[in-house]
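Here is the file protein19.txt (compact mmCIF, C-alpha atoms).
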# COMPACT_ATOMS: atom_id res chain seq x y z
CA MET A 19 22.63 -1.99 -3.05
CA ASP A 20 23.19 1.36 -4.75
CA LEU A 21 26.56 2.94 -4.04
CA THR A 22 24.91 6.28 -3.14
CA ALA A 23 22.96 4.71 -0.27
CA LYS A 24 24.12 5.59 3.23
CA ILE A 25 24.30 2.56 5.54
CA GLY A 26 25.02 3.01 9.26
CA LYS A 27 27.17 0.93 11.60
CA ASN A 28 26.25 -2.62 12.64
CA VAL A 29 23.51 -2.95 10.02
CA ILE A 30 22.51 -6.43 8.88
CA ILE A 31 21.02 -6.62 5.39
CA GLU A 32 19.99 -10.13 4.37
CA GLU A 33 19.84 -11.65 0.90
CA TYR A 34 17.50 -10.55 -1.90
CA THR A 35 17.21 -7.04 -0.49
CA LYS A 36 17.54 -3.94 -2.68
CA VAL A 37 18.49 -0.54 -1.30
CA GLY A 38 17.87 2.32 -3.72
CA LYS A 39 19.71 5.51 -4.63
CA HIS A 40 20.33 7.98 -1.81
CA ALA A 41 18.44 5.83 0.71
CA SER A 42 19.58 6.21 4.30
CA ILE A 43 19.65 3.44 6.91
CA GLY A 44 20.74 4.29 10.47
CA ASP A 45 22.87 2.30 12.89
CA ASN A 46 22.04 -1.12 14.38
CA CYS A 47 19.25 -2.01 11.95
CA LYS A 48 18.16 -5.51 10.93
CA ILE A 49 16.82 -5.66 7.38
CA HIS A 50 15.55 -9.17 6.64
CA ARG A 51 15.15 -11.00 3.32
CA ASN A 52 13.40 -9.87 0.16
CA ILE A 53 13.03 -6.20 1.10
CA PHE A 54 12.78 -3.31 -1.37
CA ILE A 55 13.91 0.06 0.00
CA ASP A 56 13.25 2.66 -2.67
CA ASP A 57 15.27 5.72 -3.61
CA LYS A 58 15.57 8.41 -0.90
CA VAL A 59 13.81 6.36 1.81
CA MET A 60 14.96 7.36 5.29
CA ILE A 61 15.28 4.72 8.02
CA GLY A 62 16.40 5.62 11.54
CA ASN A 63 18.52 3.74 14.06
CA ASN A 64 17.57 0.40 15.66
CA VAL A 65 14.88 -0.41 13.10
CA LYS A 66 13.82 -3.97 12.35
CA ILE A 67 12.12 -4.83 9.03
CA GLN A 68 10.83 -8.37 8.54
CA ASP A 69 10.67 -10.35 5.24
CA ASN A 70 8.82 -9.30 2.08
CA VAL A 71 8.31 -5.58 2.70
CA MET A 72 8.34 -2.84 0.05
CA ILE A 73 9.16 0.64 1.30
CA PRO A 74 8.53 3.13 -1.52
CA HIS A 75 9.91 6.64 -1.97
CA GLY A 76 8.15 9.03 0.42
CA VAL A 77 8.26 6.78 3.51
CA ARG A 78 10.30 7.68 6.59
CA LEU A 79 10.82 5.25 9.48
CA GLU A 80 12.12 6.89 12.65
CA ASP A 81 14.28 5.25 15.34
CA GLY A 82 13.17 1.96 16.88
CA VAL A 83 10.39 1.16 14.40
CA PHE A 84 9.33 -2.46 13.85
CA VAL A 85 7.82 -3.46 10.48
CA GLY A 86 6.32 -6.96 10.41
CA PRO A 87 6.46 -9.40 7.51
CA SER A 88 4.68 -8.51 4.26
CA VAL A 89 3.67 -5.00 5.32
CA ALA A 90 2.63 -2.91 2.31
CA PHE A 91 3.28 0.83 2.11
CA THR A 92 1.78 2.89 -0.71
CA ASN A 93 3.03 6.26 -1.97
CA ASP A 94 0.39 7.51 -4.42
CA LYS A 95 -3.27 7.92 -3.42
CA TYR A 96 -4.48 7.63 -7.02
CA PRO A 97 -2.12 5.24 -8.79
CA ARG A 98 -2.53 4.56 -12.48
CA ALA A 99 -0.33 2.76 -14.99
CA ILE A 100 -1.14 5.19 -17.79
CA THR A 101 -1.87 8.88 -18.32
CA PRO A 102 -5.30 10.03 -19.58
CA ASP A 103 -3.97 9.92 -23.16
CA GLY A 104 -2.94 6.26 -22.78
CA CYS A 105 0.83 6.68 -22.37
CA LEU A 106 2.68 4.70 -19.74
CA LYS A 107 3.26 6.87 -16.66
CA THR A 108 6.80 7.86 -15.69
CA SER A 109 8.16 8.89 -12.31
CA ASN A 110 7.32 12.50 -13.24
CA ASP A 111 3.61 11.60 -13.35
CA TRP A 112 3.41 10.27 -9.76
CA LYS A 113 2.23 12.46 -6.91
CA VAL A 114 4.04 11.06 -3.87
CA SER A 115 2.43 11.54 -0.45
CA GLU A 116 4.79 11.37 2.53
CA THR A 117 4.27 8.70 5.20
CA ILE A 118 5.99 8.95 8.58
CA VAL A 119 6.29 6.16 11.13
CA LYS A 120 7.42 7.73 14.40
CA LYS A 121 9.82 6.50 17.07
CA GLY A 122 9.12 3.08 18.57
CA ALA A 123 5.99 2.37 16.52
CA SER A 124 5.19 -1.21 15.53
CA ILE A 125 3.36 -2.41 12.41
CA GLY A 126 2.02 -5.98 12.42
CA ALA A 127 2.26 -8.56 9.65
CA ASN A 128 0.35 -7.94 6.42
CA ALA A 129 -0.81 -4.46 7.42
CA THR A 130 -1.35 -1.94 4.63
CA ILE A 131 -0.31 1.66 5.19
CA VAL A 132 -2.00 4.03 2.75
CA CYS A 133 0.25 6.99 1.97
CA GLY A 134 -0.04 10.40 3.52
CA VAL A 135 -0.45 9.23 7.12
CA THR A 136 1.63 9.60 10.26
CA ILE A 137 1.83 6.71 12.70
CA GLY A 138 2.62 8.18 16.12
CA GLU A 139 5.33 7.36 18.63
CA TRP A 140 5.00 3.91 20.21
CA ALA A 141 1.74 3.29 18.32
CA MET A 142 0.79 -0.29 17.46
CA VAL A 143 -0.82 -1.28 14.17
CA GLY A 144 -2.35 -4.75 14.42
CA ALA A 145 -1.65 -7.51 11.92
CA GLY A 146 -3.73 -7.20 8.76
CA ALA A 147 -4.93 -3.67 9.54
CA VAL A 148 -5.50 -1.12 6.78
CA VAL A 149 -4.36 2.33 7.93
CA THR A 150 -6.00 5.21 6.04
CA LYS A 151 -5.80 7.95 8.72
CA ASP A 152 -3.20 9.21 11.16
CA VAL A 153 -2.55 7.05 14.22
CA GLY A 154 -1.86 8.93 17.45
CA ASP A 155 1.04 8.41 19.84
CA TYR A 156 0.62 5.19 21.89
CA GLU A 157 -2.61 4.37 20.02
CA LEU A 158 -3.54 0.77 19.08
CA VAL A 159 -5.37 0.29 15.76
CA VAL A 160 -6.72 -2.93 14.27
CA GLY A 161 -9.01 -3.94 11.43
How does the structure come out when it is put into structure tokens?
Amino acid sequence: MDLTAKIGKNVIIEEYTKVGKHASIGDNCKIHRNIFIDDKVMIGNNVKIQDNVMIPHGVRLEDGVFVGPSVAFTNDKYPRAITPDGCLKTSNDWKVSETIVKKGASIGANATIVCGVTIGEWAMVGAGAVVTKDVGDYELVVG
């Protein structure tokens, strides 16, 4: 865990989890095993994140969010390893699109959340779903 990360009270962070620079995790969160929380990620209070999840820069999880095992978040709509001239891309070459998961929302196991979307309050994303558009408050999406 990076020393610049802000960790709230009563937070459980299990083994093999990395918390990046200036990340923020609220109070009473349960962060399971093998999680990657990138630099500047913001996580609210009472959030539960299951095993094997990567949360890249640009993602914000509000209070009470549940993230199931092996959920995949993206943060660049057009990712490439190299620039047009063949050089390896650096962090300056990425165009990060913000993703927001609102209060009380739940994301099922193995779902993929494509960057630039908002998942509304108390929405439910079914296991294995691929989310490419905004999800409204209290909406259920699958597939």
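Relative to atom CA of A:Ile73, atom CA of A:Val114 is found at 12.7 Å.
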(request) Go through A:Asn63, A:Asn93, A:Gln68, A:Thr22 one by one, measure the shortest atom-to-atom distance of each to A:Gly38 using all atoms listed in the file, and give the residue with the smallest value. (result) A:Thr22
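Between atom CA of A:Ile67 and atom CA of A:Arg98 the interatomic distance comes to 27.7 Å.
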Would you pick out the contacts of A:Ser115 at 8 Å or less, using only C-alpha atoms, so that residues sharing its chain but fewer than 3 positions from it are not included, and give the list as an mmCIF file with C-alpha atoms, in the coordinates of the input?
data_model
loop_
_atom_site.group_PDB
_atom_site.id
_atom_site.type_symbol
_atom_site.label_atom_id
_atom_site.label_comp_id
_atom_site.auth_asym_id
_atom_site.auth_seq_id
_atom_site.Cartn_x
_atom_site.Cartn_y
_atom_site.Cartn_z
ATOM 1 C CA GLY A 76 8.150 9.030 0.420
ATOM 2 C CA ASN A 93 3.030 6.260 -1.970
ATOM 3 C CA ASP A 94 0.390 7.510 -4.420
ATOM 4 C CA LYS A 95 -3.270 7.920 -3.420
ATOM 5 C CA CYS A 133 0.250 6.990 1.970
ATOM 6 C CA GLY A 134 -0.040 10.400 3.520
#
Using the atoms already present, construct N, CA, C and O atoms for stretch 35-51 of chain A and hand them back as a PDB file, in the frame of the given file.
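Result file selection33.pdb:
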ATOM      1  N   THR A  35      17.674  -8.362  -0.902  1.00  0.00           N
ATOM      2  CA  THR A  35      17.210  -7.040  -0.490  1.00  0.00           C
ATOM      3  C   THR A  35      17.850  -5.994  -1.380  1.00  0.00           C
ATOM      4  O   THR A  35      19.039  -6.055  -1.653  1.00  0.00           O
ATOM      5  N   LYS A  36      17.040  -5.027  -1.831  1.00  0.00           N
ATOM      6  CA  LYS A  36      17.540  -3.940  -2.680  1.00  0.00           C
ATOM      7  C   LYS A  36      17.399  -2.628  -1.923  1.00  0.00           C
ATOM      8  O   LYS A  36      16.350  -2.337  -1.365  1.00  0.00           O
ATOM      9  N   VAL A  37      18.484  -1.865  -1.908  1.00  0.00           N
ATOM     10  CA  VAL A  37      18.490  -0.540  -1.300  1.00  0.00           C
ATOM     11  C   VAL A  37      18.746   0.461  -2.414  1.00  0.00           C
ATOM     12  O   VAL A  37      19.752   0.389  -3.111  1.00  0.00           O
ATOM     13  N   GLY A  38      17.824   1.398  -2.596  1.00  0.00           N
ATOM     14  CA  GLY A  38      17.870   2.320  -3.720  1.00  0.00           C
ATOM     15  C   GLY A  38      18.804   3.505  -3.539  1.00  0.00           C
ATOM     16  O   GLY A  38      19.457   3.689  -2.504  1.00  0.00           O
ATOM     17  N   LYS A  39      18.842   4.330  -4.571  1.00  0.00           N
ATOM     18  CA  LYS A  39      19.710   5.510  -4.630  1.00  0.00           C
ATOM     19  C   LYS A  39      19.381   6.483  -3.500  1.00  0.00           C
ATOM     20  O   LYS A  39      18.219   6.791  -3.251  1.00  0.00           O
ATOM     21  N   HIS A  40      20.429   6.949  -2.850  1.00  0.00           N
ATOM     22  CA  HIS A  40      20.330   7.980  -1.810  1.00  0.00           C
ATOM     23  C   HIS A  40      19.434   7.581  -0.638  1.00  0.00           C
ATOM     24  O   HIS A  40      18.981   8.451   0.112  1.00  0.00           O
ATOM     25  N   ALA A  41      19.156   6.290  -0.481  1.00  0.00           N
ATOM     26  CA  ALA A  41      18.440   5.830   0.710  1.00  0.00           C
ATOM     27  C   ALA A  41      19.372   5.957   1.900  1.00  0.00           C
ATOM     28  O   ALA A  41      20.596   5.952   1.753  1.00  0.00           O
ATOM     29  N   SER A  42      18.791   6.063   3.082  1.00  0.00           N
ATOM     30  CA  SER A  42      19.580   6.210   4.300  1.00  0.00           C
ATOM     31  C   SER A  42      19.077   5.237   5.351  1.00  0.00           C
ATOM     32  O   SER A  42      17.889   5.235   5.676  1.00  0.00           O
ATOM     33  N   ILE A  43      19.987   4.407   5.860  1.00  0.00           N
ATOM     34  CA  ILE A  43      19.650   3.440   6.910  1.00  0.00           C
ATOM     35  C   ILE A  43      20.577   3.734   8.088  1.00  0.00           C
ATOM     36  O   ILE A  43      21.792   3.764   7.943  1.00  0.00           O
ATOM     37  N   GLY A  44      19.978   3.952   9.272  1.00  0.00           N
ATOM     38  CA  GLY A  44      20.740   4.290  10.470  1.00  0.00           C
ATOM     39  C   GLY A  44      21.515   3.119  11.032  1.00  0.00           C
ATOM     40  O   GLY A  44      21.592   2.036  10.438  1.00  0.00           O
ATOM     41  N   ASP A  45      22.063   3.310  12.211  1.00  0.00           N
ATOM     42  CA  ASP A  45      22.870   2.300  12.890  1.00  0.00           C
ATOM     43  C   ASP A  45      22.009   1.191  13.498  1.00  0.00           C
ATOM     44  O   ASP A  45      20.852   1.419  13.857  1.00  0.00           O
ATOM     45  N   ASN A  46      22.616   0.007  13.634  1.00  0.00           N
ATOM     46  CA  ASN A  46      22.040  -1.120  14.380  1.00  0.00           C
ATOM     47  C   ASN A  46      20.692  -1.595  13.849  1.00  0.00           C
ATOM     48  O   ASN A  46      19.822  -1.980  14.628  1.00  0.00           O
ATOM     49  N   CYS A  47      20.508  -1.569  12.553  1.00  0.00           N
ATOM     50  CA  CYS A  47      19.250  -2.010  11.950  1.00  0.00           C
ATOM     51  C   CYS A  47      19.363  -3.453  11.480  1.00  0.00           C
ATOM     52  O   CYS A  47      20.447  -3.921  11.112  1.00  0.00           O
ATOM     53  N   LYS A  48      18.233  -4.136  11.452  1.00  0.00           N
ATOM     54  CA  LYS A  48      18.160  -5.510  10.930  1.00  0.00           C
ATOM     55  C   LYS A  48      17.150  -5.483   9.799  1.00  0.00           C
ATOM     56  O   LYS A  48      15.950  -5.270  10.014  1.00  0.00           O
ATOM     57  N   ILE A  49      17.644  -5.678   8.577  1.00  0.00           N
ATOM     58  CA  ILE A  49      16.820  -5.660   7.380  1.00  0.00           C
ATOM     59  C   ILE A  49      16.787  -7.101   6.862  1.00  0.00           C
ATOM     60  O   ILE A  49      17.788  -7.602   6.362  1.00  0.00           O
ATOM     61  N   HIS A  50      15.654  -7.753   6.989  1.00  0.00           N
ATOM     62  CA  HIS A  50      15.550  -9.170   6.640  1.00  0.00           C
ATOM     63  C   HIS A  50      15.551  -9.387   5.124  1.00  0.00           C
ATOM     64  O   HIS A  50      15.897  -8.505   4.357  1.00  0.00           O
ATOM     65  N   ARG A  51      15.112 -10.559   4.714  1.00  0.00           N
ATOM     66  CA  ARG A  51      15.150 -11.000   3.320  1.00  0.00           C
ATOM     67  C   ARG A  51      14.030 -10.405   2.462  1.00  0.00           C
ATOM     68  O   ARG A  51      12.935 -10.161   2.944  1.00  0.00           O
TER      69      ARG A  51
END
